[in-house]
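Colleague: Next comes the structure file target34.pdb, holding PDB, C-alpha atoms, pLDDT in the B column.
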```pdb
ATOM      1  CA  MET A  76      14.437 -14.814  20.196  1.00 84.00           C
ATOM      2  CA  LYS A  77      12.497 -17.967  19.286  1.00 89.00           C
ATOM      3  CA  LEU A  78       9.102 -18.475  17.665  1.00 92.00           C
ATOM      4  CA  ASP A  79       7.148 -21.624  16.817  1.00 91.00           C
ATOM      5  CA  ILE A  80       6.987 -22.803  13.195  1.00 92.00           C
ATOM      6  CA  TYR A  81       3.816 -24.314  11.743  1.00 92.00           C
ATOM      7  CA  ASN A  82       3.122 -26.255   8.568  1.00 91.00           C
ATOM      8  CA  GLN A  83       0.217 -25.792   6.166  1.00 89.00           C
ATOM      9  CA  ASN A  84      -1.867 -28.279   8.144  1.00 88.00           C
ATOM     10  CA  GLY A  85      -1.682 -26.066  11.223  1.00 89.00           C
ATOM     11  CA  LYS A  86       0.599 -28.422  13.145  1.00 91.00           C
ATOM     12  CA  LYS A  87       3.444 -27.064  15.239  1.00 90.00           C
ATOM     13  CA  LEU A  88       6.870 -28.350  14.203  1.00 91.00           C
ATOM     14  CA  SER A  89       9.542 -29.476  16.631  1.00 89.00           C
ATOM     15  CA  THR A  90      11.981 -26.785  15.443  1.00 90.00           C
ATOM     16  CA  LYS A  91      11.714 -23.101  16.287  1.00 91.00           C
ATOM     17  CA  ALA A  92      12.596 -20.040  14.226  1.00 91.00           C
ATOM     18  CA  ASP A  93      15.363 -17.661  15.251  1.00 92.00           C
ATOM     19  CA  LEU A  94      14.289 -14.006  15.222  1.00 93.00           C
ATOM     20  CA  ASN A  95      16.790 -11.181  15.148  1.00 92.00           C
ATOM     21  CA  LYS A  96      16.096  -9.045  18.217  1.00 92.00           C
ATOM     22  CA  ASP A  97      17.356  -5.953  16.340  1.00 94.00           C
ATOM     23  CA  VAL A  98      14.448  -6.417  13.908  1.00 94.00           C
ATOM     24  CA  PHE A  99      11.679  -8.069  15.921  1.00 94.00           C
ATOM     25  CA  GLY A 100      12.513  -6.795  19.392  1.00 93.00           C
ATOM     26  CA  ILE A 101      12.888  -3.020  19.108  1.00 94.00           C
ATOM     27  CA  GLU A 102      10.746  -0.334  20.688  1.00 95.00           C
ATOM     28  CA  PRO A 103       8.282   0.643  17.908  1.00 95.00           C
ATOM     29  CA  ASN A 104       8.709   4.157  16.537  1.00 96.00           C
ATOM     30  CA  GLU A 105       5.188   5.233  15.639  1.00 96.00           C
ATOM     31  CA  HIS A 106       6.277   8.486  14.012  1.00 97.00           C
ATOM     32  CA  CYS A 107       8.530   6.676  11.514  1.00 96.00           C
ATOM     33  CA  VAL A 108       5.663   4.317  10.721  1.00 97.00           C
ATOM     34  CA  TYR A 109       3.363   7.291  10.175  1.00 97.00           C
ATOM     35  CA  LEU A 110       5.800   9.095   7.869  1.00 97.00           C
ATOM     36  CA  THR A 111       6.531   5.978   5.808  1.00 97.00           C
ATOM     37  CA  ILE A 112       2.920   4.938   5.312  1.00 97.00           C
ATOM     38  CA  LYS A 113       1.901   8.514   4.536  1.00 97.00           C
ATOM     39  CA  SER A 114       4.577   8.586   1.821  1.00 96.00           C
ATOM     40  CA  GLU A 115       3.546   5.199   0.371  1.00 95.00           C
ATOM     41  CA  LEU A 116      -0.130   6.115   0.192  1.00 96.00           C
ATOM     42  CA  ALA A 117       0.641   9.532  -1.304  1.00 96.00           C
ATOM     43  CA  SER A 118       2.771   7.974  -4.052  1.00 94.00           C
ATOM     44  CA  LYS A 119      -0.247   5.906  -5.165  1.00 93.00           C
ATOM     45  CA  ARG A 120      -2.192   9.043  -6.087  1.00 93.00           C
ATOM     46  CA  GLN A 121      -2.243   9.677  -9.833  1.00 93.00           C
ATOM     47  CA  GLY A 122      -2.213  13.465  -9.720  1.00 93.00           C
ATOM     48  CA  THR A 123      -3.701  13.684 -13.230  1.00 94.00           C
ATOM     49  CA  SER A 124      -6.752  15.897 -12.560  1.00 95.00           C
ATOM     50  CA  LYS A 125      -6.730  19.057 -14.631  1.00 95.00           C
ATOM     51  CA  SER A 126      -9.030  21.878 -15.648  1.00 96.00           C
ATOM     52  CA  LYS A 127      -8.591  24.352 -18.500  1.00 95.00           C
ATOM     53  CA  SER A 128      -7.551  27.894 -17.777  1.00 95.00           C
ATOM     54  CA  LYS A 129      -8.754  30.896 -19.792  1.00 93.00           C
ATOM     55  CA  SER A 130      -5.802  30.489 -22.171  1.00 92.00           C
ATOM     56  CA  GLU A 131      -6.844  26.900 -23.002  1.00 93.00           C
ATOM     57  CA  VAL A 132     -10.618  27.022 -23.492  1.00 94.00           C
ATOM     58  CA  GLN A 133     -12.103  27.554 -26.933  1.00 93.00           C
ATOM     59  CA  GLY A 134     -12.962  31.120 -27.938  1.00 91.00           C
ATOM     60  CA  THR A 135     -11.641  34.242 -29.608  1.00 91.00           C
ATOM     61  CA  LYS A 136      -8.946  36.456 -28.168  1.00 90.00           C
ATOM     62  CA  SER A 137     -10.622  39.585 -29.521  1.00 93.00           C
ATOM     63  CA  LYS A 138     -12.474  42.072 -27.329  1.00 93.00           C
ATOM     64  CA  PRO A 139     -16.181  41.197 -27.813  1.00 91.00           C
ATOM     65  CA  PHE A 140     -17.374  44.805 -27.965  1.00 93.00           C
ATOM     66  CA  LYS A 141     -16.010  48.280 -27.470  1.00 94.00           C
ATOM     67  CA  GLN A 142     -15.083  49.563 -24.038  1.00 94.00           C
ATOM     68  CA  LYS A 143     -17.573  52.458 -23.771  1.00 94.00           C
ATOM     69  CA  GLY A 144     -20.951  53.472 -25.097  1.00 94.00           C
ATOM     70  CA  THR A 145     -22.836  50.169 -24.999  1.00 94.00           C
ATOM     71  CA  GLY A 146     -24.295  50.519 -21.499  1.00 94.00           C
ATOM     72  CA  ARG A 147     -22.916  47.143 -20.524  1.00 93.00           C
ATOM     73  CA  ALA A 148     -20.059  46.200 -18.249  1.00 92.00           C
ATOM     74  CA  ARG A 149     -16.650  46.290 -19.896  1.00 92.00           C
ATOM     75  CA  VAL A 150     -15.380  42.916 -21.132  1.00 92.00           C
ATOM     76  CA  GLY A 151     -11.889  42.204 -22.369  1.00 92.00           C
ATOM     77  CA  LEU A 152     -12.135  38.472 -23.058  1.00 93.00           C
ATOM     78  CA  VAL A 153     -15.034  36.047 -23.550  1.00 93.00           C
ATOM     79  CA  ARG A 154     -12.949  33.262 -22.006  1.00 94.00           C
ATOM     80  CA  ASN A 155     -12.749  35.081 -18.686  1.00 94.00           C
ATOM     81  CA  PRO A 156     -13.431  32.750 -15.700  1.00 94.00           C
ATOM     82  CA  SER A 157     -16.369  34.927 -14.598  1.00 92.00           C
ATOM     83  CA  ARG A 158     -18.275  34.257 -17.842  1.00 91.00           C
ATOM     84  CA  VAL A 159     -20.237  31.210 -18.991  1.00 90.00           C
ATOM     85  CA  SER A 160     -17.988  28.722 -20.870  1.00 89.00           C
ATOM     86  CA  GLY A 161     -14.947  30.603 -19.618  1.00 93.00           C
ATOM     87  CA  GLY A 162     -11.826  29.039 -18.167  1.00 95.00           C
ATOM     88  CA  THR A 163     -11.315  27.939 -14.574  1.00 95.00           C
ATOM     89  CA  ALA A 164      -9.395  30.203 -12.232  1.00 95.00           C
ATOM     90  CA  PHE A 165      -6.757  28.425 -10.127  1.00 95.00           C
ATOM     91  CA  GLY A 166      -8.051  24.979 -11.151  1.00 94.00           C
ATOM     92  CA  PRO A 167      -6.228  21.668 -10.539  1.00 95.00           C
ATOM     93  CA  GLN A 168      -3.140  20.937 -12.620  1.00 95.00           C
ATOM     94  CA  PRO A 169      -1.143  17.684 -13.037  1.00 95.00           C
ATOM     95  CA  ARG A 170       1.244  17.196 -10.138  1.00 94.00           C
ATOM     96  CA  THR A 171       3.100  14.541  -8.181  1.00 94.00           C
ATOM     97  CA  TYR A 172       2.231  13.722  -4.577  1.00 94.00           C
ATOM     98  CA  ASN A 173       5.457  11.863  -3.798  1.00 93.00           C
ATOM     99  CA  LEU A 174       7.010  12.574  -0.402  1.00 94.00           C
ATOM    100  CA  LYS A 175      10.694  11.972   0.185  1.00 94.00           C
ATOM    101  CA  ILE A 176      11.468   9.696   3.123  1.00 94.00           C
ATOM    102  CA  ASN A 177      14.980   8.789   4.234  1.00 96.00           C
ATOM    103  CA  ARG A 178      16.027   5.166   3.825  1.00 95.00           C
ATOM    104  CA  LYS A 179      16.801   4.790   7.529  1.00 96.00           C
ATOM    105  CA  VAL A 180      13.308   5.985   8.434  1.00 96.00           C
ATOM    106  CA  LYS A 181      11.799   3.328   6.144  1.00 95.00           C
ATOM    107  CA  LEU A 182      13.914   0.617   7.766  1.00 95.00           C
ATOM    108  CA  ILE A 183      12.922   1.723  11.265  1.00 96.00           C
ATOM    109  CA  ALA A 184       9.264   1.682  10.178  1.00 96.00           C
ATOM    110  CA  LYS A 185       9.492  -1.923   8.945  1.00 95.00           C
ATOM    111  CA  LYS A 186      11.275  -3.028  12.097  1.00 95.00           C
ATOM    112  CA  SER A 187       8.687  -1.254  14.242  1.00 96.00           C
ATOM    113  CA  ILE A 188       5.793  -2.950  12.470  1.00 96.00           C
ATOM    114  CA  LEU A 189       7.386  -6.405  12.707  1.00 95.00           C
ATOM    115  CA  SER A 190       8.161  -5.875  16.399  1.00 95.00           C
ATOM    116  CA  SER A 191       4.568  -4.775  17.045  1.00 95.00           C
ATOM    117  CA  LYS A 192       3.190  -7.827  15.245  1.00 95.00           C
ATOM    118  CA  LEU A 193       5.347 -10.139  17.329  1.00 94.00           C
ATOM    119  CA  THR A 194       4.419  -8.420  20.596  1.00 94.00           C
ATOM    120  CA  ALA A 195       0.703  -8.579  19.746  1.00 94.00           C
ATOM    121  CA  LYS A 196       1.044 -12.282  18.766  1.00 93.00           C
ATOM    122  CA  LYS A 197      -0.150 -11.526  15.251  1.00 94.00           C
ATOM    123  CA  LEU A 198       2.857 -13.071  13.501  1.00 95.00           C
ATOM    124  CA  ILE A 199       2.813 -16.675  12.234  1.00 94.00           C
ATOM    125  CA  ILE A 200       5.720 -18.486  10.602  1.00 94.00           C
ATOM    126  CA  LEU A 201       5.123 -21.328   8.142  1.00 93.00           C
ATOM    127  CA  ASP A 202       7.781 -23.744   6.980  1.00 90.00           C
ATOM    128  CA  LYS A 203       6.579 -23.223   3.382  1.00 87.00           C
ATOM    129  CA  ILE A 204       3.544 -22.380   1.264  1.00 87.00           C
ATOM    130  CA  SER A 205       3.203 -25.055  -1.397  1.00 86.00           C
ATOM    131  CA  LEU A 206       0.172 -25.676  -3.624  1.00 88.00           C
ATOM    132  CA  GLU A 207      -0.044 -28.062  -6.565  1.00 87.00           C
ATOM    133  CA  ASP A 208      -2.737 -26.041  -8.355  1.00 88.00           C
ATOM    134  CA  HIS A 209      -4.532 -22.711  -8.078  1.00 90.00           C
ATOM    135  CA  ARG A 210      -7.937 -23.870  -6.805  1.00 92.00           C
ATOM    136  CA  THR A 211      -9.407 -21.575  -4.178  1.00 93.00           C
ATOM    137  CA  LYS A 212     -10.571 -24.407  -1.914  1.00 92.00           C
ATOM    138  CA  ASN A 213      -6.986 -25.616  -1.467  1.00 91.00           C
ATOM    139  CA  PHE A 214      -5.835 -22.237  -0.164  1.00 92.00           C
ATOM    140  CA  ASN A 215      -8.961 -21.964   1.947  1.00 93.00           C
ATOM    141  CA  LYS A 216      -7.914 -25.188   3.696  1.00 92.00           C
ATOM    142  CA  ILE A 217      -4.694 -23.493   4.818  1.00 92.00           C
ATOM    143  CA  LEU A 218      -6.713 -20.642   6.341  1.00 93.00           C
ATOM    144  CA  ILE A 219      -8.973 -23.093   8.168  1.00 93.00           C
ATOM    145  CA  ASN A 220      -6.021 -25.132   9.450  1.00 92.00           C
ATOM    146  CA  LEU A 221      -4.405 -21.965  10.841  1.00 92.00           C
ATOM    147  CA  GLY A 222      -7.691 -20.607  12.218  1.00 92.00           C
ATOM    148  CA  LEU A 223      -7.530 -17.496  10.030  1.00 92.00           C
ATOM    149  CA  GLN A 224     -10.658 -17.884   7.918  1.00 87.00           C
ATOM    150  CA  SER A 225     -12.439 -14.887   9.499  1.00 87.00           C
ATOM    151  CA  THR A 226      -9.542 -12.411   9.787  1.00 91.00           C
ATOM    152  CA  LYS A 227      -7.666 -10.093   7.455  1.00 95.00           C
ATOM    153  CA  VAL A 228      -4.453 -11.927   6.538  1.00 95.00           C
ATOM    154  CA  THR A 229      -1.321 -11.123   4.525  1.00 95.00           C
ATOM    155  CA  PHE A 230       0.930 -13.956   3.359  1.00 94.00           C
ATOM    156  CA  LEU A 231       4.538 -13.149   2.462  1.00 92.00           C
ATOM    157  CA  THR A 232       6.487 -15.568   0.277  1.00 89.00           C
ATOM    158  CA  ASN A 233      10.151 -15.450  -0.649  1.00 81.00           C
ATOM    159  CA  ASN A 234       9.464 -16.124  -4.335  1.00 77.00           C
ATOM    160  CA  LYS A 235       6.553 -15.291  -6.590  1.00 78.00           C
ATOM    161  CA  ASN A 236       4.212 -18.170  -5.745  1.00 82.00           C
ATOM    162  CA  ILE A 237       1.795 -18.192  -8.704  1.00 89.00           C
ATOM    163  CA  ASN A 238      -0.477 -20.937  -7.353  1.00 89.00           C
ATOM    164  CA  ALA A 239      -0.778 -19.266  -3.954  1.00 90.00           C
ATOM    165  CA  PHE A 240      -1.512 -15.889  -5.552  1.00 90.00           C
ATOM    166  CA  ARG A 241      -4.158 -17.218  -7.936  1.00 92.00           C
ATOM    167  CA  SER A 242      -5.872 -19.451  -5.391  1.00 91.00           C
ATOM    168  CA  SER A 243      -6.173 -16.605  -2.851  1.00 91.00           C
ATOM    169  CA  ARG A 244      -7.284 -13.677  -4.998  1.00 91.00           C
ATOM    170  CA  ASN A 245     -10.995 -14.599  -4.741  1.00 91.00           C
ATOM    171  CA  ILE A 246     -10.880 -14.845  -0.940  1.00 93.00           C
ATOM    172  CA  HIS A 247     -11.981 -11.731   0.891  1.00 92.00           C
ATOM    173  CA  ASN A 248      -9.366  -9.986   3.065  1.00 92.00           C
ATOM    174  CA  VAL A 249      -6.508 -12.288   1.990  1.00 94.00           C
ATOM    175  CA  LYS A 250      -3.381 -11.115   0.132  1.00 93.00           C
ATOM    176  CA  VAL A 251      -0.319 -13.048  -1.043  1.00 93.00           C
ATOM    177  CA  ILE A 252       2.686 -10.797  -1.725  1.00 92.00           C
ATOM    178  CA  PRO A 253       6.272 -11.622  -2.753  1.00 90.00           C
ATOM    179  CA  ASN A 254       8.750 -10.505  -0.124  1.00 86.00           C
ATOM    180  CA  ALA A 255      10.644  -8.358  -2.658  1.00 84.00           C
ATOM    181  CA  ASN A 256       7.543  -6.183  -3.269  1.00 82.00           C
ATOM    182  CA  VAL A 257       6.300  -5.761   0.286  1.00 91.00           C
ATOM    183  CA  SER A 258       5.835  -2.273   1.689  1.00 93.00           C
ATOM    184  CA  SER A 259       5.312  -1.018   5.220  1.00 95.00           C
ATOM    185  CA  TYR A 260       1.632  -0.508   4.407  1.00 95.00           C
ATOM    186  CA  ASP A 261       1.334  -4.168   3.350  1.00 94.00           C
ATOM    187  CA  LEU A 262       2.918  -5.249   6.643  1.00 95.00           C
ATOM    188  CA  ILE A 263       0.544  -3.249   8.807  1.00 95.00           C
ATOM    189  CA  ASP A 264      -2.676  -3.512   6.770  1.00 94.00           C
ATOM    190  CA  ASN A 265      -3.817  -6.834   8.252  1.00 94.00           C
ATOM    191  CA  ASP A 266      -4.890  -8.557  11.441  1.00 94.00           C
ATOM    192  CA  THR A 267      -2.364 -11.393  11.071  1.00 94.00           C
ATOM    193  CA  LEU A 268       0.915 -11.558   9.170  1.00 95.00           C
ATOM    194  CA  VAL A 269       2.017 -14.975   7.888  1.00 94.00           C
ATOM    195  CA  ILE A 270       5.543 -15.426   6.535  1.00 93.00           C
ATOM    196  CA  ASP A 271       7.569 -18.421   5.403  1.00 90.00           C
ATOM    197  CA  LYS A 272      11.029 -19.342   6.714  1.00 89.00           C
ATOM    198  CA  GLU A 273      12.883 -17.896   3.719  1.00 88.00           C
ATOM    199  CA  THR A 274      11.118 -14.567   4.106  1.00 90.00           C
ATOM    200  CA  LEU A 275      11.977 -14.585   7.812  1.00 91.00           C
ATOM    201  CA  GLY A 276      15.643 -15.035   6.883  1.00 89.00           C
ATOM    202  CA  ASN A 277      15.473 -11.937   4.696  1.00 89.00           C
ATOM    203  CA  PHE A 278      13.830  -9.899   7.461  1.00 91.00           C
ATOM    204  CA  ASN A 279      16.505 -10.986   9.929  1.00 90.00           C
ATOM    205  CA  LYS A 280      19.121  -9.389   7.667  1.00 88.00           C
ATOM    206  CA  ILE A 281      17.492  -5.933   7.619  1.00 82.00           C
TER     207      ILE A 281
END
```
As C-alpha coordinates, how would this structure be written, given the file I've shared?
Modeller:
Amino acid sequence: MKLDIYNQNGKKLSTKADLNKDVFGIEPNEHCVYLTIKSELASKRQGTSKSKSKSEVQGTKSKPFKQKGTGRARVGLVRNPSRVSGGTAFGPQPRTYNLKINRKVKLIAKKSILSSKLTAKKLIILDKISLEDHRTKNFNKILINLGLQSTKVTFLTNNKNINAFRSSRNIHNVKVIPNANVSSYDLIDNDTLVIDKETLGNFNKI
(Lines of atoms letter the chains of each structure in order from A and count residues from 1; the text may use other names and numbers.)
(Lines give C-alpha, C1' and ligand atoms only; values in the text may rest on other atoms or scores of the structure.)
Protein backbone atom coordinates (compact mmCIF):
# COMPACT_ATOMS: atom_id res chain seq x y z
CA MET A 1 0.00 0.00 0.00
CA LYS A 2 1.29 3.46 -0.96
CA LEU A 3 0.40 6.93 0.30
CA ASP A 4 1.65 10.38 -0.71
CA ILE A 5 4.11 12.21 1.55
CA TYR A 6 3.90 15.97 2.07
CA ASN A 7 6.31 18.48 3.57
CA GLN A 8 5.49 21.30 5.99
CA ASN A 9 4.83 23.65 3.08
CA GLY A 10 2.00 21.44 1.86
CA LYS A 11 3.88 20.25 -1.23
CA LYS A 12 3.66 16.63 -2.33
CA LEU A 13 7.02 14.86 -2.48
CA SER A 14 8.10 12.57 -5.29
CA THR A 15 8.45 9.59 -2.93
CA LYS A 16 5.56 7.64 -1.45
CA ALA A 17 5.19 5.97 1.93
CA ASP A 18 4.82 2.22 2.29
CA LEU A 19 1.90 1.20 4.51
CA ASN A 20 1.64 -2.24 6.04
CA LYS A 21 -1.65 -3.71 4.84
CA ASP A 22 -1.91 -5.75 8.07
CA VAL A 23 -2.12 -2.45 9.98
CA PHE A 24 -3.74 0.02 7.58
CA GLY A 25 -5.79 -2.36 5.44
CA ILE A 26 -7.79 -4.52 7.84
CA GLU A 27 -11.55 -4.67 8.27
CA PRO A 28 -12.23 -2.36 11.26
CA ASN A 29 -13.50 -4.11 14.38
CA GLU A 30 -15.82 -1.57 15.98
CA HIS A 31 -16.41 -3.63 19.11
CA CYS A 32 -12.68 -3.75 19.93
CA VAL A 33 -12.50 0.01 19.40
CA TYR A 34 -15.46 0.48 21.74
CA LEU A 35 -13.99 -1.71 24.48
CA THR A 36 -10.56 -0.07 24.29
CA ILE A 37 -11.81 3.51 24.34
CA LYS A 38 -14.27 2.72 27.12
CA SER A 39 -11.37 1.35 29.18
CA GLU A 40 -9.12 4.37 28.46
CA LEU A 41 -11.79 6.89 29.39
CA ALA A 42 -12.73 4.96 32.54
CA SER A 43 -9.11 4.89 33.71
CA LYS A 44 -9.04 8.71 33.62
CA ARG A 45 -11.71 8.93 36.33
CA GLN A 46 -10.26 9.77 39.74
CA GLY A 47 -12.68 7.75 41.84
CA THR A 48 -11.94 9.89 44.92
CA SER A 49 -15.49 10.99 45.87
CA LYS A 50 -16.42 9.96 49.39
CA SER A 51 -19.05 10.66 52.01
CA LYS A 52 -18.92 9.89 55.73
CA SER A 53 -20.89 7.01 57.13
CA LYS A 54 -22.48 7.03 60.59
CA SER A 55 -19.28 5.59 62.08
CA GLU A 56 -17.23 8.53 60.74
CA VAL A 57 -19.30 11.64 61.47
CA GLN A 58 -18.79 13.59 64.67
CA GLY A 59 -21.04 12.74 67.62
CA THR A 60 -21.38 10.57 70.70
CA LYS A 61 -21.90 6.83 70.63
CA SER A 62 -24.18 6.97 73.66
CA LYS A 63 -27.95 6.51 73.45
CA PRO A 64 -29.36 10.08 73.59
CA PHE A 65 -32.26 9.21 75.90
CA LYS A 66 -33.88 6.18 77.42
CA GLN A 67 -35.86 3.74 75.32
CA LYS A 68 -39.29 4.16 76.95
CA GLY A 69 -41.27 6.74 78.85
CA THR A 70 -40.36 9.93 76.99
CA GLY A 71 -43.21 9.86 74.45
CA ARG A 72 -40.75 10.20 71.60
CA ALA A 73 -39.60 7.72 69.01
CA ARG A 74 -36.81 5.43 70.16
CA VAL A 75 -33.31 6.53 69.12
CA GLY A 76 -30.17 4.47 69.47
CA LEU A 77 -27.62 6.81 67.87
CA VAL A 78 -27.57 10.53 67.07
CA ARG A 79 -25.35 9.83 64.05
CA ASN A 80 -28.05 7.73 62.40
CA PRO A 81 -28.48 8.58 58.67
CA SER A 82 -32.15 9.48 59.25
CA ARG A 83 -31.23 12.33 61.62
CA VAL A 84 -29.90 15.83 60.92
CA SER A 85 -26.06 15.88 60.84
CA GLY A 86 -26.07 12.09 60.71
CA GLY A 87 -23.96 9.96 58.41
CA THR A 88 -24.76 9.03 54.82
CA ALA A 89 -26.22 5.62 54.10
CA PHE A 90 -24.59 3.79 51.18
CA GLY A 91 -22.68 6.92 50.10
CA PRO A 92 -19.82 6.98 47.55
CA GLN A 93 -16.48 5.51 48.60
CA PRO A 94 -13.04 5.72 46.91
CA ARG A 95 -12.77 3.18 44.11
CA THR A 96 -10.97 2.47 40.85
CA TYR A 97 -12.78 2.51 37.51
CA ASN A 98 -10.09 0.65 35.58
CA LEU A 99 -11.31 -1.99 33.13
CA LYS A 100 -9.04 -4.81 32.05
CA ILE A 101 -8.62 -5.14 28.29
CA ASN A 102 -6.52 -7.82 26.62
CA ARG A 103 -3.42 -6.66 24.77
CA LYS A 104 -4.58 -8.20 21.50
CA VAL A 105 -7.86 -6.29 21.70
CA LYS A 106 -5.94 -3.02 22.12
CA LEU A 107 -3.79 -3.81 19.08
CA ILE A 108 -6.83 -4.64 16.95
CA ALA A 109 -8.43 -1.36 18.07
CA LYS A 110 -5.41 0.70 16.96
CA LYS A 111 -5.23 -1.11 13.63
CA SER A 112 -8.96 -0.60 13.10
CA ILE A 113 -8.73 3.13 13.76
CA LEU A 114 -5.72 3.56 11.45
CA SER A 115 -7.45 1.56 8.71
CA SER A 116 -10.60 3.67 9.07
CA LYS A 117 -8.59 6.90 8.85
CA LEU A 118 -6.90 5.73 5.67
CA THR A 119 -10.17 4.61 4.08
CA ALA A 120 -11.86 7.92 4.94
CA LYS A 121 -8.83 9.86 3.56
CA LYS A 122 -8.25 11.48 6.93
CA LEU A 123 -4.62 10.40 7.25
CA ILE A 124 -1.74 12.68 6.18
CA ILE A 125 1.94 11.78 6.25
CA LEU A 126 4.61 14.46 6.64
CA ASP A 127 8.29 13.93 5.99
CA LYS A 128 9.05 15.71 9.30
CA ILE A 129 7.78 18.34 11.71
CA SER A 130 10.59 20.80 12.34
CA LEU A 131 10.30 24.22 14.00
CA GLU A 132 13.15 26.52 15.01
CA ASP A 133 11.18 28.17 17.83
CA HIS A 134 7.87 27.80 19.66
CA ARG A 135 5.94 30.75 18.19
CA THR A 136 2.31 29.95 17.50
CA LYS A 137 2.26 31.66 14.09
CA ASN A 138 4.93 29.28 12.78
CA PHE A 139 2.83 26.22 13.61
CA ASN A 140 -0.25 27.95 12.27
CA LYS A 141 1.52 28.25 8.91
CA ILE A 142 1.81 24.45 8.76
CA LEU A 143 -1.95 24.14 9.32
CA ILE A 144 -2.67 26.66 6.57
CA ASN A 145 -0.27 24.96 4.14
CA LEU A 146 -2.00 21.62 4.74
CA GLY A 147 -5.50 23.13 4.64
CA LEU A 148 -6.27 22.06 8.21
CA GLN A 149 -6.82 25.40 9.92
CA SER A 150 -10.56 24.80 10.50
CA THR A 151 -10.54 21.11 11.50
CA LYS A 152 -9.71 19.12 14.61
CA VAL A 153 -6.19 17.76 14.06
CA THR A 154 -3.83 15.45 15.95
CA PHE A 155 -0.12 15.46 15.09
CA LEU A 156 1.96 12.42 16.04
CA THR A 157 5.74 12.76 16.27
CA ASN A 158 8.31 10.05 16.83
CA ASN A 159 10.17 12.06 19.48
CA LYS A 160 9.05 14.64 21.99
CA ASN A 161 9.04 17.75 19.80
CA ILE A 162 9.10 20.59 22.35
CA ASN A 163 8.80 23.42 19.82
CA ALA A 164 5.87 21.77 18.06
CA PHE A 165 4.11 21.10 21.36
CA ARG A 166 4.57 24.62 22.71
CA SER A 167 3.68 26.38 19.47
CA SER A 168 0.44 24.39 19.08
CA ARG A 169 -0.99 24.41 22.60
CA ASN A 170 -2.74 27.79 22.11
CA ILE A 171 -4.42 26.68 18.88
CA HIS A 172 -7.95 25.40 19.28
CA ASN A 173 -8.59 21.75 18.35
CA VAL A 174 -4.90 20.97 17.69
CA LYS A 175 -2.85 18.42 19.66
CA VAL A 176 0.77 17.32 19.27
CA ILE A 177 1.48 13.95 20.93
CA PRO A 178 4.65 11.81 21.03
CA ASN A 179 4.10 8.46 19.38
CA ALA A 180 5.14 6.59 22.55
CA ASN A 181 2.24 8.14 24.52
CA VAL A 182 -0.55 7.85 21.97
CA SER A 183 -3.72 5.99 22.89
CA SER A 184 -6.59 4.70 20.79
CA TYR A 185 -8.69 7.63 22.00
CA ASP A 186 -6.04 10.08 20.76
CA LEU A 187 -6.07 8.38 17.35
CA ILE A 188 -9.82 8.59 16.92
CA ASP A 189 -10.54 11.92 18.64
CA ASN A 190 -9.88 14.11 15.59
CA ASP A 191 -11.03 14.90 12.08
CA THR A 192 -7.56 14.45 10.55
CA LEU A 193 -4.55 12.48 11.77
CA VAL A 194 -1.11 13.75 10.75
CA ILE A 195 1.95 11.56 11.34
CA ASP A 196 5.61 11.83 10.38
CA LYS A 197 7.58 9.13 8.54
CA GLU A 198 9.28 7.80 11.68
CA THR A 199 5.94 7.38 13.42
CA LEU A 200 4.60 5.59 10.35
CA GLY A 201 7.53 3.16 10.58
CA ASN A 202 6.58 2.36 14.17
CA PHE A 203 2.93 1.79 13.22
CA ASN A 204 3.97 -0.54 10.41
CA LYS A 205 5.65 -2.78 12.99
CA ILE A 206 2.53 -3.25 15.15
Colleague: Please compute the CA of Pro156 (chain A)-CA of Arg120 (chain A) distance, one decimal, in Å.
Modeller: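 If I compute the distance from CA of Pro156 (chain A) to CA of Arg120 (chain A), I get 27.9 Å.
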Colleague: How many Å lie between CA of Lys235 (chain A) and CA of Pro253 (chain A), rounded to one decimal?
Modeller: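 One can read the CA of Lys235 (chain A) to CA of Pro253 (chain A) distance as 5.3 Å.
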Colleague: Excluding same-chain residues fewer than 2 positions from Lys216 (chain A), what lies within 12 Å of it counting only C-alpha atoms, as a count of residues only?
Modeller: 19
Colleague: Once the PyMOL selection byres ((chain A and resi 137) around 8) is applied to the coordinates I shared, what remains selected? I want it as a list in words.
Modeller: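 Output from the PyMOL selection byres ((chain A and resi 137) around 8), applied to this file: Thr135, Lys136, Lys138, Pro139, Gly151 and Leu152 of chain A.
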Colleague: So which residues touch Phe140 (chain A) within 9 Å, counting only C-alpha atoms, skipping near sequence neighbours fewer than 5 positions away, as a list in words?
Modeller: Thr145, Arg149, Val150 and Gly151 of chain A
Colleague: Enumerate, as a VMD selection string, the residues matched when the PyMOL selection byres ((chain A and resi 109-116) around 10) is run on the file above.
Modeller: chain A and resid 104 to 108 117 to 120 172 to 178 180 to 185 258 to 261 263
Colleague: Find, counting all atoms listed in the file, the residue in A:Met76, A:Ile237, A:Val132, A:Ile200 that gets nearest to Val159 (chain A).
Modeller: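 Among A:Met76, A:Ile237, A:Val132, A:Ile200, it is A:Val132 that comes nearest to Val159 (chain A).
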Colleague: In Å, with one decimal, what is the gap from CA of Ile80 (chain A) to CA of Ile199 (chain A)?
Modeller: 7.5 Å
Colleague: Could you tell me which residues the PyMOL selection byres ((chain A and resi 169) around 12) grabs in this file, written as a list in words?
Modeller: Arg120, Gln121, Gly122, Thr123, Ser124, Lys125, Ser126, Lys127, Gly166, Pro167, Gln168, Arg170, Thr171 and Tyr172 of chain A
Colleague: Tell me which of A:Arg241, A:Lys96, A:Lys91, A:Lys77 sits closest to Ser190 (chain A), counting all atoms listed in the file.
Modeller: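 For Ser190 (chain A), the nearest of the candidates is A:Lys96.
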Colleague: With all atoms listed in the file as the atoms that count, which of A:Lys141, A:Leu198, A:Glu207, A:Ser157 lies nearest to Tyr81 (chain A)?
Modeller: A:Leu198
